[in-house]
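Note: the block below is final_0.csv and it holds CSV, C-alpha atoms and all ligand atoms.
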```
chain,number,residue,atom,x,y,z
G,1,MET,CA,26.0,-52.9,-24.6
G,2,LEU,CA,26.0,-54.7,-28.0
G,3,HIS,CA,26.0,-58.5,-28.1
G,4,LYS,CA,29.5,-59.6,-29.0
G,5,ALA,CA,29.8,-62.5,-31.4
G,6,GLY,CA,32.5,-64.9,-30.1
G,7,LYS,CA,35.3,-64.4,-27.7
G,8,ARG,CA,38.2,-64.6,-30.1
G,9,PRO,CA,39.1,-62.3,-33.0
G,10,TYR,CA,37.1,-63.4,-36.0
G,11,SER,CA,38.5,-63.8,-39.5
G,12,LEU,CA,36.2,-63.5,-42.5
G,13,LEU,CA,39.0,-65.0,-44.6
G,14,CYS,CA,38.6,-68.3,-42.9
G,15,TYR,CA,35.0,-68.3,-44.1
G,16,LYS,CA,36.0,-67.3,-47.6
G,17,ARG,CA,38.4,-70.2,-47.8
G,18,ALA,CA,35.6,-72.5,-46.7
G,19,GLY,CA,33.7,-71.4,-49.7
G,20,LYS,CA,31.0,-69.5,-47.8
G,21,ARG,CA,29.8,-65.9,-48.5
G,22,PRO,CA,31.1,-63.6,-45.7
G,23,TYR,CA,28.1,-61.2,-46.1
G,24,SER,CA,25.6,-64.1,-45.5
G,25,LEU,CA,27.6,-65.2,-42.5
G,26,LEU,CA,27.3,-61.7,-41.0
G,27,CYS,CA,23.5,-62.2,-40.9
G,28,TYR,CA,24.1,-64.1,-37.7
G,29,LYS,CA,20.6,-65.2,-36.6
G,30,LYS,CA,22.1,-66.1,-33.2
G,31,TYR,CA,23.2,-62.6,-32.3
G,32,GLY,CA,20.4,-60.5,-33.8
G,33,SER,CA,20.3,-57.8,-36.4
G,34,LEU,CA,22.8,-55.6,-34.6
G,35,PHE,CA,25.9,-57.0,-33.0
G,36,ALA,CA,29.6,-56.4,-32.5
G,37,LEU,CA,32.6,-58.5,-33.2
G,38,TYR,CA,36.4,-58.2,-33.4
G,39,LEU,CA,37.7,-58.5,-37.0
G,40,GLY,CA,41.3,-59.1,-36.1
G,41,PRO,CA,42.1,-56.3,-33.6
G,42,HIS,CA,39.2,-54.1,-34.8
G,43,TYR,CA,36.1,-53.7,-32.8
G,44,THR,CA,33.4,-53.7,-35.5
G,45,VAL,CA,29.6,-53.2,-35.3
G,46,VAL,CA,27.5,-55.2,-37.9
G,47,VAL,CA,24.2,-53.6,-39.0
G,48,ASN,CA,21.8,-56.0,-40.6
G,49,ASN,CA,18.5,-54.1,-40.7
G,50,HIS,CA,17.4,-51.1,-42.6
G,51,GLN,CA,16.3,-48.9,-39.6
G,52,HIS,CA,19.8,-49.1,-38.1
G,53,ALA,CA,21.4,-48.7,-41.6
G,54,ARG,CA,19.4,-45.5,-42.1
G,55,GLU,CA,20.5,-44.3,-38.6
G,56,VAL,CA,24.2,-44.9,-39.6
G,57,LEU,CA,24.0,-43.5,-43.1
G,58,LEU,CA,21.4,-40.7,-42.8
G,59,GLN,CA,20.1,-39.7,-39.4
G,60,ARG,CA,23.6,-39.8,-37.8
G,61,GLY,CA,25.4,-39.9,-41.2
G,62,ARG,CA,27.9,-37.2,-40.2
G,63,ASP,CA,28.9,-39.2,-37.0
G,64,PHE,CA,29.6,-42.3,-39.1
G,65,ALA,CA,31.0,-40.7,-42.3
G,66,GLY,CA,34.6,-41.7,-41.5
G,67,ARG,CA,36.6,-44.5,-43.2
G,68,PRO,CA,39.1,-46.7,-41.4
G,69,SER,CA,42.7,-46.7,-42.4
G,70,MET,CA,43.5,-50.1,-43.9
G,71,VAL,CA,46.9,-51.4,-45.1
G,72,THR,CA,45.7,-52.6,-48.5
G,73,THR,CA,43.6,-49.6,-49.4
G,74,ASP,CA,46.2,-47.2,-48.1
G,75,LEU,CA,48.7,-48.8,-50.5
G,76,LEU,CA,46.2,-48.7,-53.4
G,77,THR,CA,45.2,-45.1,-52.8
G,78,ARG,CA,48.6,-43.7,-51.7
G,79,GLY,CA,47.3,-43.1,-48.2
G,80,GLY,CA,43.6,-42.5,-48.9
G,81,LYS,CA,44.0,-39.9,-51.6
G,82,ASP,CA,40.9,-41.2,-53.4
G,83,ILE,CA,37.2,-40.6,-52.6
G,84,ALA,CA,35.9,-44.0,-51.5
G,85,PHE,CA,38.6,-44.8,-48.9
G,86,SER,CA,39.6,-41.4,-47.8
G,87,ASP,CA,38.5,-40.3,-44.3
G,88,TYR,CA,36.0,-37.4,-43.9
G,89,SER,CA,38.0,-34.2,-44.6
G,90,PRO,CA,37.8,-31.0,-46.6
G,91,LEU,CA,39.9,-32.6,-49.4
G,92,TRP,CA,37.5,-35.6,-49.6
G,93,LYS,CA,34.6,-33.1,-49.8
G,94,SER,CA,36.1,-31.1,-52.6
G,95,HIS,CA,37.0,-34.2,-54.6
G,96,ARG,CA,33.4,-35.4,-54.3
G,97,ARG,CA,32.0,-32.1,-55.4
G,98,LEU,CA,34.3,-32.0,-58.4
G,99,VAL,CA,33.5,-35.5,-59.5
G,100,HIS,CA,29.8,-35.0,-59.0
G,101,ASN,CA,29.6,-31.8,-61.0
G,102,SER,CA,31.5,-33.4,-63.9
G,103,PHE,CA,28.9,-36.3,-64.0
G,104,THR,CA,25.9,-34.1,-64.1
G,105,LEU,CA,27.4,-31.9,-66.9
G,106,LEU,CA,28.6,-34.6,-69.1
G,107,GLY,CA,26.8,-37.8,-68.2
G,108,ARG,CA,25.2,-38.2,-71.6
G,109,GLU,CA,28.0,-39.9,-73.5
G,110,ARG,CA,26.9,-42.9,-75.5
G,111,ALA,CA,29.1,-46.0,-76.2
G,112,VAL,CA,26.2,-48.3,-76.6
G,113,ASP,CA,26.1,-48.3,-80.4
G,114,SER,CA,29.6,-49.8,-80.7
G,115,LEU,CA,28.7,-52.3,-78.0
G,116,CYS,CA,25.7,-53.5,-79.9
G,117,VAL,CA,27.8,-53.9,-83.1
G,118,GLU,CA,30.5,-55.8,-81.1
G,119,LEU,CA,27.9,-58.1,-79.6
G,120,MET,CA,26.2,-58.8,-82.9
G,121,SER,CA,29.6,-59.5,-84.6
G,122,ALA,CA,29.9,-62.6,-82.3
G,123,GLY,CA,26.8,-63.9,-84.2
G,124,CYS,CA,25.1,-67.0,-83.1
G,125,ARG,CA,28.1,-68.6,-81.4
G,126,GLY,CA,27.8,-68.7,-77.6
G,127,PHE,CA,30.2,-66.2,-76.1
G,128,ASP,CA,30.9,-64.4,-72.8
G,129,PRO,CA,29.6,-60.8,-73.2
G,130,SER,CA,31.2,-59.4,-70.1
G,131,PRO,CA,34.5,-58.2,-71.5
G,132,ALA,CA,32.7,-56.2,-74.2
G,133,VAL,CA,30.2,-54.8,-71.7
G,134,THR,CA,32.9,-53.9,-69.2
G,135,ARG,CA,34.9,-52.1,-71.9
G,136,ALA,CA,31.9,-50.1,-73.1
G,137,VAL,CA,30.9,-49.0,-69.6
G,138,THR,CA,34.5,-48.2,-68.7
G,139,ASN,CA,34.8,-46.1,-71.9
G,140,VAL,CA,31.9,-43.9,-70.8
G,141,VAL,CA,33.6,-43.2,-67.4
G,142,CYS,CA,37.0,-42.6,-69.0
G,143,GLN,CA,35.5,-40.2,-71.6
G,144,LEU,CA,34.0,-38.3,-68.8
G,145,LEU,CA,37.3,-37.9,-67.1
G,146,ILE,CA,39.2,-36.9,-70.3
G,147,GLN,CA,36.5,-34.5,-71.4
G,148,TYR,CA,36.1,-32.8,-68.1
G,149,ASN,CA,38.4,-30.0,-69.0
G,150,ASN,CA,36.9,-28.9,-72.3
G,151,GLY,CA,33.5,-30.4,-71.9
G,152,ILE,CA,31.6,-27.3,-71.0
G,153,VAL,CA,32.9,-25.4,-74.1
G,154,GLN,CA,32.0,-28.4,-76.4
G,155,THR,CA,28.6,-28.8,-74.9
G,156,ILE,CA,27.7,-25.1,-75.4
G,157,THR,CA,29.1,-25.1,-78.9
G,158,ARG,CA,27.1,-28.1,-80.0
G,159,GLY,CA,23.9,-26.8,-78.6
G,160,GLY,CA,24.5,-23.4,-80.1
G,161,LEU,CA,24.9,-24.7,-83.7
G,162,VAL,CA,21.6,-26.5,-83.7
G,163,ASP,CA,19.9,-23.3,-82.5
G,164,ILE,CA,21.4,-21.3,-85.3
G,165,PHE,CA,21.0,-24.0,-88.1
G,166,PRO,CA,17.8,-25.9,-87.1
G,167,TRP,CA,18.0,-28.2,-90.1
G,168,MET,CA,20.9,-29.9,-88.5
G,169,LYS,CA,18.3,-31.7,-86.4
G,170,VAL,CA,16.7,-33.4,-89.5
G,171,PRO,CA,18.8,-36.5,-89.7
G,172,SER,CA,18.2,-37.4,-86.1
G,173,LEU,CA,14.4,-36.7,-86.5
G,174,THR,CA,14.4,-39.1,-89.5
G,175,SER,CA,16.0,-41.8,-87.6
G,176,ILE,CA,13.3,-41.6,-84.9
G,177,TRP,CA,10.9,-43.1,-87.4
G,178,VAL,CA,13.3,-45.9,-88.4
G,179,LEU,CA,14.4,-46.9,-85.0
G,180,ARG,CA,14.6,-44.1,-82.6
G,181,PRO,CA,17.6,-44.5,-80.2
G,182,VAL,CA,16.5,-44.6,-76.6
G,183,CYS,CA,17.3,-41.4,-74.6
G,184,MET,CA,17.1,-40.5,-71.0
G,185,SER,CA,13.7,-38.8,-71.3
G,186,ASP,CA,12.2,-42.2,-72.2
G,187,ARG,CA,12.8,-43.3,-68.7
G,188,SER,CA,9.4,-42.2,-67.5
G,189,ARG,CA,7.8,-44.2,-70.3
G,190,LEU,CA,9.6,-47.4,-69.5
G,191,PRO,CA,8.8,-47.9,-65.8
G,192,TYR,CA,9.2,-51.7,-66.0
G,193,LEU,CA,12.8,-51.5,-67.2
G,194,ASP,CA,13.5,-49.3,-64.1
G,195,CYS,CA,11.9,-52.1,-61.9
G,196,VAL,CA,14.1,-54.7,-63.6
G,197,ILE,CA,17.2,-52.6,-62.9
G,198,ASN,CA,16.2,-52.1,-59.3
G,199,GLU,CA,15.5,-55.8,-58.8
G,200,GLY,CA,18.9,-56.7,-60.3
G,201,MET,CA,20.6,-54.3,-57.8
G,202,ARG,CA,18.5,-55.7,-54.9
G,203,ILE,CA,19.1,-59.4,-55.5
G,204,ARG,CA,22.8,-59.0,-56.2
G,205,PRO,CA,24.1,-55.8,-54.6
G,206,VAL,CA,27.4,-54.8,-56.2
G,207,SER,CA,28.6,-54.0,-52.7
G,208,PRO,CA,27.0,-56.7,-50.5
G,209,VAL,CA,28.7,-55.2,-47.4
G,210,LEU,CA,29.2,-51.4,-47.8
G,211,ILE,CA,32.7,-49.9,-47.7
G,212,PRO,CA,33.4,-49.9,-43.9
G,213,HIS,CA,32.3,-46.7,-42.1
G,214,THR,CA,34.0,-45.4,-38.9
G,215,ALA,CA,32.4,-43.4,-36.0
G,216,MET,CA,34.1,-40.0,-36.1
G,217,THR,CA,32.7,-39.2,-32.7
G,218,ASP,CA,31.0,-41.0,-29.8
G,219,SER,CA,27.5,-41.8,-31.0
G,220,SER,CA,24.8,-44.5,-30.9
G,221,ILE,CA,23.0,-47.0,-33.1
G,222,GLY,CA,19.6,-48.3,-32.0
G,223,GLY,CA,20.1,-46.8,-28.6
G,224,HIS,CA,23.4,-48.6,-28.0
G,225,SER,CA,26.4,-46.4,-27.5
G,226,VAL,CA,29.1,-46.6,-30.0
G,227,SER,CA,32.5,-45.0,-29.2
G,228,ARG,CA,34.6,-42.9,-31.5
G,229,GLY,CA,36.8,-45.0,-33.9
G,230,THR,CA,34.4,-48.0,-34.0
G,231,ARG,CA,34.1,-49.6,-37.4
G,232,VAL,CA,30.6,-50.2,-38.8
G,233,LEU,CA,29.7,-52.7,-41.5
G,234,VAL,CA,26.4,-52.2,-43.1
G,235,ASN,CA,25.3,-55.6,-44.5
G,236,MET,CA,23.3,-54.6,-47.6
G,237,TRP,CA,22.9,-58.3,-48.6
G,238,ALA,CA,20.9,-58.9,-45.4
G,239,ILE,CA,18.8,-55.8,-45.9
G,240,HIS,CA,18.0,-56.7,-49.5
G,241,HIS,CA,17.1,-60.3,-48.6
G,242,GLU,CA,15.1,-59.7,-45.4
G,243,PRO,CA,12.1,-62.0,-45.7
G,244,ARG,CA,9.8,-59.6,-43.7
G,245,HIS,CA,10.2,-57.0,-46.4
G,246,TRP,CA,10.8,-59.0,-49.5
G,247,ASP,CA,8.4,-61.8,-50.3
G,248,LYS,CA,10.5,-64.8,-51.5
G,249,PRO,CA,13.7,-62.7,-51.5
G,250,ASP,CA,15.7,-65.1,-53.7
G,251,LEU,CA,13.2,-64.8,-56.5
G,252,PHE,CA,13.9,-62.3,-59.2
G,253,ASN,CA,10.6,-60.3,-59.4
G,254,PRO,CA,10.7,-56.8,-60.7
G,255,ASP,CA,7.0,-56.4,-59.8
G,256,ARG,CA,8.0,-55.7,-56.2
G,257,PHE,CA,8.9,-52.2,-57.3
G,258,LEU,CA,5.3,-51.5,-58.6
G,259,ASP,CA,2.4,-50.6,-56.4
G,260,ASN,CA,-1.2,-51.8,-56.9
G,261,GLN,CA,-1.8,-49.0,-59.5
G,262,GLY,CA,1.2,-50.0,-61.5
G,263,GLN,CA,3.2,-47.0,-60.2
G,264,ARG,CA,6.9,-47.3,-59.4
G,265,VAL,CA,7.7,-47.4,-55.7
G,266,THR,CA,11.1,-47.2,-53.9
G,267,PRO,CA,10.9,-48.9,-50.5
G,268,SER,CA,12.9,-47.3,-47.7
G,269,TYR,CA,14.7,-50.6,-47.2
G,270,PHE,CA,16.1,-50.5,-50.8
G,271,LEU,CA,19.5,-48.8,-50.6
G,272,PRO,CA,21.7,-50.0,-53.5
G,273,PHE,CA,23.9,-46.9,-53.5
G,274,GLY,CA,24.0,-46.4,-49.8
G,275,ALA,CA,22.7,-43.0,-48.5
G,276,GLY,CA,23.8,-39.8,-46.7
G,277,PRO,CA,27.2,-38.1,-46.8
G,278,ARG,CA,28.9,-41.3,-48.2
G,279,VAL,CA,26.3,-42.1,-50.8
G,280,CYS,CA,27.7,-43.4,-54.0
G,281,VAL,CA,29.0,-40.4,-55.9
G,282,GLY,CA,28.4,-42.2,-59.3
G,283,GLU,CA,24.7,-42.9,-58.6
G,284,SER,CA,23.3,-40.6,-61.3
G,285,LEU,CA,25.9,-41.8,-63.9
G,286,ALA,CA,25.3,-45.5,-63.0
G,287,ARG,CA,21.6,-45.1,-63.3
G,288,LEU,CA,21.9,-43.3,-66.6
G,289,GLU,CA,24.3,-45.9,-68.0
G,290,LEU,CA,22.2,-48.9,-66.8
G,291,PHE,CA,19.1,-47.4,-68.4
G,292,LEU,CA,20.7,-46.4,-71.7
G,293,PHE,CA,22.8,-49.6,-72.1
G,294,LEU,CA,20.0,-52.0,-71.2
G,295,SER,CA,17.2,-50.3,-73.1
G,296,SER,CA,19.3,-49.9,-76.2
G,297,MET,CA,20.6,-53.5,-76.2
G,298,LEU,CA,17.1,-54.9,-75.5
G,299,GLN,CA,15.6,-52.7,-78.3
G,300,ARG,CA,18.0,-54.1,-80.9
G,301,ILE,CA,19.1,-57.6,-79.7
G,302,SER,CA,17.6,-60.8,-78.4
G,303,PHE,CA,19.7,-62.7,-75.9
G,304,SER,CA,19.4,-66.4,-75.2
G,305,LEU,CA,21.4,-69.3,-73.8
G,306,PRO,CA,23.4,-71.5,-76.2
G,307,GLU,CA,21.5,-74.7,-76.9
G,308,GLY,CA,21.8,-77.2,-74.1
G,309,ALA,CA,23.8,-74.8,-71.8
G,310,PRO,CA,22.8,-74.7,-68.1
G,311,PRO,CA,21.5,-71.3,-66.8
G,312,PRO,CA,24.2,-69.0,-65.6
G,313,ASN,CA,25.5,-69.6,-62.0
G,314,LEU,CA,24.2,-66.8,-59.9
G,315,GLN,CA,26.5,-67.3,-57.0
G,316,GLY,CA,29.0,-64.6,-58.0
G,317,ARG,CA,32.6,-64.0,-56.9
G,318,LEU,CA,33.3,-61.6,-54.1
G,319,GLY,CA,36.3,-59.4,-54.5
G,320,VAL,CA,36.2,-55.6,-53.9
G,321,VAL,CA,32.7,-55.9,-55.4
G,322,LEU,CA,30.4,-58.9,-56.1
G,323,GLN,CA,31.1,-60.0,-59.7
G,324,PRO,CA,29.0,-62.4,-61.8
G,325,LEU,CA,30.7,-65.6,-62.8
G,326,PRO,CA,31.4,-66.0,-66.6
G,327,TYR,CA,28.6,-67.3,-68.7
G,328,LYS,CA,27.8,-67.6,-72.4
G,329,VAL,CA,25.0,-66.0,-74.5
G,330,VAL,CA,23.8,-66.2,-78.1
G,331,VAL,CA,22.8,-62.8,-79.6
G,332,ALA,CA,20.4,-62.2,-82.6
G,333,PRO,CA,18.8,-59.1,-84.0
G,334,ARG,CA,15.3,-58.5,-82.5
G,335,ALA,CA,12.5,-59.8,-84.6
G,336,GLY,CA,11.3,-57.1,-87.0
G,337,LEU,CA,14.7,-55.4,-87.4
G,338,GLY,CA,15.5,-57.6,-90.5
G,339,GLY,CA,19.1,-58.2,-89.4
G,340,ARG,CA,19.9,-54.4,-89.5
G,341,ILE,CA,21.1,-52.5,-86.5
G,342,GLN,CA,20.4,-48.8,-86.7
G,343,LEU,CA,23.2,-46.6,-85.4
E,1,LIG,C1,25.3,-50.0,-60.3
E,1,LIG,C2,26.3,-49.3,-60.0
E,1,LIG,C3,26.8,-48.8,-58.7
E,1,LIG,C4,26.4,-49.2,-57.4
E,1,LIG,C5,25.3,-50.2,-57.1
E,1,LIG,C6,27.2,-48.5,-56.5
E,1,LIG,C7,27.1,-48.6,-55.1
E,1,LIG,C8,27.9,-48.0,-54.2
E,1,LIG,C9,27.9,-48.2,-52.8
E,1,LIG,C10,26.9,-49.1,-52.1
E,1,LIG,C11,28.8,-47.4,-52.2
E,1,LIG,C12,29.2,-47.3,-50.7
E,1,LIG,C13,28.4,-46.3,-49.9
E,1,LIG,C14,28.8,-46.3,-48.5
E,1,LIG,O1,30.0,-46.5,-48.2
E,1,LIG,O2,28.0,-46.0,-47.6
E,1,LIG,C15,29.5,-46.6,-53.3
E,1,LIG,C16,30.5,-45.7,-53.1
E,1,LIG,C17,31.1,-45.1,-54.1
E,1,LIG,N1,30.8,-45.2,-55.5
E,1,LIG,FE1,29.4,-46.4,-56.3
E,1,LIG,N2,28.1,-47.7,-57.2
E,1,LIG,C18,27.9,-47.8,-58.5
E,1,LIG,C19,28.6,-47.2,-59.5
E,1,LIG,C20,29.5,-46.2,-59.4
E,1,LIG,C21,30.1,-45.5,-60.4
E,1,LIG,C22,29.8,-45.6,-61.9
E,1,LIG,C23,31.0,-44.6,-59.9
E,1,LIG,C24,32.0,-43.7,-60.5
E,1,LIG,C25,32.2,-43.5,-61.7
E,1,LIG,C26,31.0,-44.9,-58.4
E,1,LIG,C27,31.8,-44.2,-57.5
E,1,LIG,C28,31.7,-44.4,-56.1
E,1,LIG,C29,32.6,-43.7,-55.2
E,1,LIG,C30,33.7,-42.7,-55.5
E,1,LIG,C31,32.2,-44.1,-53.9
E,1,LIG,C32,32.7,-43.7,-52.6
E,1,LIG,C33,32.0,-42.5,-52.0
E,1,LIG,C34,32.5,-42.0,-50.7
E,1,LIG,O3,33.1,-42.8,-49.9
E,1,LIG,O4,32.4,-40.8,-50.4
E,1,LIG,N3,30.1,-45.8,-58.2
E,1,LIG,N4,28.9,-47.0,-54.5
```

Represent the structure contained in this file as structure tokens.
Amino acid sequence: MLHKAGKRPYSLLCYKRAGKRPYSLLCYKKYGSLFALYLGPHYTVVVNNHQHAREVLLQRGRDFAGRPSMVTTDLLTRGGKDIAFSDYSPLWKSHRRLVHNSFTLLGRERAVDSLCVELMSAGCRGFDPSPAVTRAVTNVVCQLLIQYNNGIVQTITRGGLVDIFPWMKVPSLTSIWVLRPVCMSDRSRLPYLDCVINEGMRIRPVSPVLIPHTAMTDSSIGGHSVSRGTRVLVNMWAIHHEPRHWDKPDLFNPDRFLDNQGQRVTPSYFLPFGAGPRVCVGESLARLELFLFLSSMLQRISFSLPEGAPPPNLQGRLGVVLQPLPYKVVVAPRAGLGGRIQL
């Protein structure tokens, strides 16, 4: 029997209004790392440690791959006709497969050049970079969706032309010596950037509490029985801030993803995209975008705080996802580029 937190139905909204972060309140020291509570009328199990999270997502992933039906998401998704909030079903499976295949085929679009130009055009005034970054990232995803139908034909044609007329490669080879644009194959040569990206996703998970899962069958977590229909909340914030696994968890320290030999490591308690049947379908695209956008921007641009400005507030705002609060930056071309941005 799981420990129940409180006798009365519990409302996370009350805590939100009180200005507290619901995901940090779910790490209830008093009730342990696995407990149950009523969220309104819904009996809900809260998972705060990685072993139990791996049980829910991976070892018994199929048992817990359901999604609850919720009024707001049903309205937004016309009764769960999307991927994220749709219950486990053949339709959900085929949607996932379709989306996943389109990403692997066409995930190499680049919108970073125009983003760098847009950022640089703001000059040395302090400005909020998030609208430009959001637009550029969204463009990549939209391009993928629009190009899905004719993408294969275009990809094959482009590749074929270079095979027939090899000199078509010359302009891109020349630019390599001027300022070679970063490409995905550079990832293995830039291990520290990968660690920085991982640390960013650890310290501020986009989804501090995963999208709720539902038990599709009677099952168990940590030896406790869980009956069919129970909602399960995996608290990724707690897992990514567990002091037994992460030394000084509130400190931004990318070195934690390197071992003593300087090799990259991915601990089993690092799960930014979830895992198992409901793992983020955009993981490969997101990793590709994060790497290409960050490496290309850092290669060309120096970012700093406007003079006298305080450091950005790292609290964030919790909506569907955890968003950073607005902040201002000053951009300048990287030293050695002579004010020129290579496109
Ligand atoms: C840094 C970027 C991202 C992070 C950290 C992230 C993380 C996550 C997490 C934690 C989940 C929930 C897993 C679960 O419920 O167990 C999820 C689900 C999902 N993500 Fe992402 N995500 C990212 C980017 C993206 C992108 C770019 C796309 C699509 C273009 C995407 C599409 C989805 C979808 C469709 C689901 C629902 C999957 C399902 O329920 O079957 N995500 N993501």

- Message: Taking 2 positions as the minimum chain separation for residues in the same chain, which residues sit within 9 Å of G:Tyr269 when counting all atoms listed in the file? Answer as a PyMOL selection string.
- Response: chain G and resi 49-51+53-54+239-240+245+266-267+271

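Atom CA of G:Arg228 sits 22.2 Å away from atom C16 of ligand LIG 1 (chain E).
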
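Remark: for G:Glu242, the closest of the candidate residues G:Arg202, G:Arg278, G:Arg317, G:Lys30 is G:Arg202 (distances computed over all atoms listed in the file).
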
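With distances taken over all atoms listed in the file, G:Ser94 is the one residue among G:Thr72, G:Thr217, G:Ser94, G:Ser225 lying closest to ligand LIG 1 (chain E).
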
Residues of chain G within 6 Å of ligand LIG 1 (chain E): nearest atom pair and distance (Å, one decimal) for each, counting only C-alpha atoms and all ligand atoms, sorted by chain and number, as a Markdown table?
```
| residue | atom | partner | partner_atom | distance |
| --- | --- | --- | --- | --- |
| G:Ile83 | CA | E:LIG1 | C30 | 5.0 |
| G:Ala84 | CA | E:LIG1 | C32 | 3.4 |
| G:Phe85 | CA | E:LIG1 | O3 | 5.9 |
| G:Val141 | CA | E:LIG1 | C25 | 5.9 |
| G:Val206 | CA | E:LIG1 | C5 | 5.1 |
| G:Ser207 | CA | E:LIG1 | C10 | 5.2 |
| G:Leu210 | CA | E:LIG1 | O1 | 5.0 |
| G:Ile211 | CA | E:LIG1 | O1 | 4.4 |
| G:Pro272 | CA | E:LIG1 | C5 | 5.1 |
| G:Phe273 | CA | E:LIG1 | C7 | 4.0 |
| G:Gly274 | CA | E:LIG1 | C13 | 4.4 |
| G:Arg278 | CA | E:LIG1 | O4 | 4.2 |
| G:Val279 | CA | E:LIG1 | C13 | 4.8 |
| G:Cys280 | CA | E:LIG1 | C16 | 3.7 |
| G:Val281 | CA | E:LIG1 | C28 | 4.8 |
| G:Gly282 | CA | E:LIG1 | C23 | 3.6 |
| G:Glu283 | CA | E:LIG1 | C18 | 5.9 |
| G:Leu285 | CA | E:LIG1 | C22 | 5.8 |
| G:Ala286 | CA | E:LIG1 | C22 | 4.6 |
```

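Pairwise distance (atom CA of G:Leu251, atom CA of G:Ile203) equals 8.1 Å.
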
- Identify, on the basis of only C-alpha atoms, every residue whose closest approach to G:Gln315 does not exceed 10 Å; exclude the query and any residue fewer than 5 positions from it along the same chain; express the result as a PyMOL selection string. chain G and resi 21+204+322-325

Residues from last step as file, C-alpha atoms, as a PDB file, keeping the file's coordinate frame:
```
ATOM      1  CA  ARG G  21      29.800 -65.900 -48.500  1.00  0.00           C
ATOM      2  CA  ARG G 204      22.800 -59.000 -56.200  1.00  0.00           C
ATOM      3  CA  LEU G 322      30.400 -58.900 -56.100  1.00  0.00           C
ATOM      4  CA  GLN G 323      31.100 -60.000 -59.700  1.00  0.00           C
ATOM      5  CA  PRO G 324      29.000 -62.400 -61.800  1.00  0.00           C
ATOM      6  CA  LEU G 325      30.700 -65.600 -62.800  1.00  0.00           C
TER       7      LEU G 325
END
```

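One distance worth recording is that between atom CA of G:Pro131 and atom CA of G:Val112, which is 13.9 Å.
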
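Of the residues under consideration (G:Thr214, G:Tyr192, G:His224, G:Lys93), G:Thr214 shows the shortest atom-to-atom contact distance to G:Leu57 when counting all atoms listed in the file.
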
- Message: Around the point (23.1, -40.1, -37.0) (coordinates from the file), which residues reach within 12 Å if we count all atoms listed in the file? Answer as a PyMOL selection string.
- Response: chain G and resi 51-65+215-223+225-226+275-277

- Query: Smallest atom-to-atom distance to G:Glu118: which of G:Gly229, G:Pro41, G:Met297, G:Trp246, using only C-alpha atoms?
  - Reply: G:Met297

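Using all atoms listed in the file, the smallest distance between any of G:Ser304, G:Asn253, G:Asn198, G:Asn313 and G:Pro129 comes from G:Ser304.
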
- Select, from G:Ala335, G:Leu26, G:Val137, G:Asp87, the residue with the minimum atom-to-atom distance to G:Ala111, counting all atoms listed in the file. G:Val137

Since the input has fewer atoms than a full residue there, write stretch 197-208 of chain G out with N, CA and C atoms, as an mmCIF file, in the frame of the given file.
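The resulting file, part-v5.cif, is shown below:
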```cif
data_model
loop_
_atom_site.group_PDB
_atom_site.id
_atom_site.type_symbol
_atom_site.label_atom_id
_atom_site.label_comp_id
_atom_site.auth_asym_id
_atom_site.auth_seq_id
_atom_site.Cartn_x
_atom_site.Cartn_y
_atom_site.Cartn_z
ATOM 1 N N ILE G 197 15.916 -53.085 -63.383
ATOM 2 C CA ILE G 197 17.200 -52.600 -62.900
ATOM 3 C C ILE G 197 17.302 -52.644 -61.406
ATOM 4 N N ASN G 198 16.245 -52.120 -60.766
ATOM 5 C CA ASN G 198 16.200 -52.100 -59.300
ATOM 6 C C ASN G 198 16.292 -53.522 -58.733
ATOM 7 N N GLU G 199 15.519 -54.437 -59.350
ATOM 8 C CA GLU G 199 15.500 -55.800 -58.800
ATOM 9 C C GLU G 199 16.879 -56.460 -58.983
ATOM 10 N N GLY G 200 17.562 -56.141 -60.086
ATOM 11 C CA GLY G 200 18.900 -56.700 -60.300
ATOM 12 C C GLY G 200 19.847 -56.152 -59.164
ATOM 13 N N MET G 201 19.708 -54.865 -58.807
ATOM 14 C CA MET G 201 20.600 -54.300 -57.800
ATOM 15 C C MET G 201 20.173 -54.779 -56.370
ATOM 16 N N ARG G 202 18.891 -55.195 -56.243
ATOM 17 C CA ARG G 202 18.500 -55.700 -54.900
ATOM 18 C C ARG G 202 19.007 -57.146 -54.727
ATOM 19 N N ILE G 203 18.777 -57.993 -55.732
ATOM 20 C CA ILE G 203 19.100 -59.400 -55.500
ATOM 21 C C ILE G 203 20.553 -59.699 -55.511
ATOM 22 N N ARG G 204 21.325 -58.905 -56.258
ATOM 23 C CA ARG G 204 22.800 -59.000 -56.200
ATOM 24 C C ARG G 204 23.424 -57.674 -56.064
ATOM 25 N N PRO G 205 23.454 -57.147 -54.811
ATOM 26 C CA PRO G 205 24.100 -55.800 -54.600
ATOM 27 C C PRO G 205 25.542 -55.858 -55.024
ATOM 28 N N VAL G 206 25.971 -54.835 -55.778
ATOM 29 C CA VAL G 206 27.400 -54.800 -56.200
ATOM 30 C C VAL G 206 28.281 -54.780 -54.983
ATOM 31 N N SER G 207 27.797 -54.137 -53.920
ATOM 32 C CA SER G 207 28.600 -54.000 -52.700
ATOM 33 C C SER G 207 27.767 -54.671 -51.568
ATOM 34 N N PRO G 208 27.843 -56.028 -51.423
ATOM 35 C CA PRO G 208 27.000 -56.700 -50.500
ATOM 36 C C PRO G 208 27.180 -56.202 -49.017
#
```
